[in-house]
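Read through the structure below, which is laid out as structure tokens, and then see the notes.
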Amino acid sequence: MKNFHLAIIIVLSLTFGCATISSTPITKNDASRLVGTWKGHTSGALGGSGQSSHGVSRYGPNAVLKIFDTSLRGKFTMTYTKGQSETFPFFGKIEGGMLVAHWKGGRWMKLGMLGKEGAKRLEGKFDFLKASGTISLKYEE
């Protein structure tokens with residue numbers, strides 16, 4: 001009987017533990033859907049003023065992504081504390097089904113669109129000098 005219960009727990013863990021939100025590849029036709037302001041947060045390893053005692057934060061700096069036009073010109077801002085933030089202007093491109101931006105010094109971000117057609121959510125990874133990890137953004141209307 002114990003083996004039966006263990007088997008059920010394993011099956012349920014695999015079934016529900018592996019559920020993911022499907023990502024929709026971004027194409028050049030989606031550029032107009034990306035224009036606007038996206039707000040959310042980052043998570044991962046932090047350095048500088050946002051660093052916890054162990055160098056890891058569950059939720060890192062707040063993040064704001066502004067895309068000005070369909071050429072994917074914009075800026076990305078990370079706010080560490082009330083008085084400390086960094087803004088990174090960029091020229092984005094669509095590459096491998098993702099919105100990609102690169103900066104000097106090896107900084108980058110790669111974002112995918114999540115959910116069904118019309119969803120307004122971007123998620124992905126970033127690597128900057130003071131922080132690296134994941135980004136989760138929601139479109140602000």
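Letters A, B, ... go to the chains of the structure tokens in the order shown; residues in each chain start at 1; ligands are counted from 1 in the same order.
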
For Arg73 in chain A, work out the shell of residues within 10 Å, counting only C-alpha atoms and skipping chain neighbours fewer than 6 positions away, then give it as a list in words. Val35, Lys66, Ile67, Pro89, Phe90, Phe91, Gly92, Lys93 and Ala101 of chain A

Take the residues that were just selected and, keeping C-alpha atoms, output them as a CSV table (one decimal), in the first residue's frame.
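Final output, again_20.csv:
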```csv
chain,number,residue,atom,x,y,z
A,35,VAL,CA,5.6,49.2,-28.1
A,66,LYS,CA,9.8,51.2,-22.4
A,67,ILE,CA,9.7,50.5,-26.1
A,89,PRO,CA,18.9,52.8,-23.6
A,90,PHE,CA,18.8,50.2,-26.3
A,91,PHE,CA,18.0,49.2,-29.9
A,92,GLY,CA,16.3,45.9,-29.7
A,93,LYS,CA,16.0,43.2,-32.3
A,101,ALA,CA,19.1,43.7,-26.5
```

Counting only C-alpha atoms, the option among A:Gly96, A:Gly74, A:Gly36, A:Gly83 closest to Lys110 in chain A: A:Gly96

In terms of only C-alpha atoms, the residue from A:Lys125, A:Lys120, A:His41, A:Lys75 at minimal distance from Trp108 in chain A is A:Lys125

Got a sec: who's within 12 Å of Phe126 in chain A, counting only C-alpha atoms, leaving out chain neighbours fewer than 2 positions off, as a tab-separated table (two decimals) with C-alpha atoms, in the first residue's frame?
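File out-v3.tsv, as written:
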```
chain	number	residue	atom	x	y	z
A	41	HIS	CA	10.64	42.79	-11.35
A	42	THR	CA	13.85	40.89	-11.65
A	43	SER	CA	15.08	37.98	-9.61
A	44	GLY	CA	18.44	36.31	-9.23
A	45	ALA	CA	21.89	37.14	-7.90
A	46	LEU	CA	22.40	40.80	-7.08
A	63	ALA	CA	12.13	46.76	-13.73
A	76	PHE	CA	15.34	49.49	-19.62
A	78	MET	CA	16.21	48.81	-12.89
A	99	LEU	CA	13.22	40.35	-28.00
A	100	VAL	CA	16.98	40.76	-27.58
A	101	ALA	CA	19.11	43.75	-26.53
A	102	HIS	CA	22.87	44.01	-26.04
A	103	TRP	CA	24.88	46.74	-24.35
A	106	GLY	CA	28.69	42.26	-22.20
A	107	ARG	CA	25.32	43.29	-20.76
A	108	TRP	CA	22.25	41.70	-22.38
A	109	MET	CA	18.61	40.70	-22.00
A	110	LYS	CA	16.50	38.16	-23.89
A	111	LEU	CA	12.73	38.23	-23.44
A	112	GLY	CA	10.01	35.92	-24.72
A	123	GLU	CA	9.71	37.00	-19.42
A	124	GLY	CA	13.31	36.08	-19.88
A	128	PHE	CA	24.30	43.06	-16.20
A	129	LEU	CA	27.33	44.03	-14.14
A	130	LYS	CA	25.42	44.45	-10.87
A	131	ALA	CA	22.80	41.73	-11.38
A	132	SER	CA	21.86	38.70	-13.43
A	133	GLY	CA	18.83	36.47	-13.42
A	134	THR	CA	15.30	36.59	-14.75
A	135	ILE	CA	12.88	39.35	-15.71
A	136	SER	CA	9.09	39.19	-15.49
```

From the options A:Thr87, A:Tyr80, A:Leu72, A:Lys28, which residue's atoms come nearest to Gly60 in chain A, counting only C-alpha atoms?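 Closest to Gly60 in chain A, using only C-alpha atoms: A:Tyr80.
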
Can you measure CA of Gly97 in chain A to CA of Asn29 in chain A for me? One decimal in Å is fine.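 Answer for the CA of Gly97 in chain A to CA of Asn29 in chain A separation: 11.3 Å.
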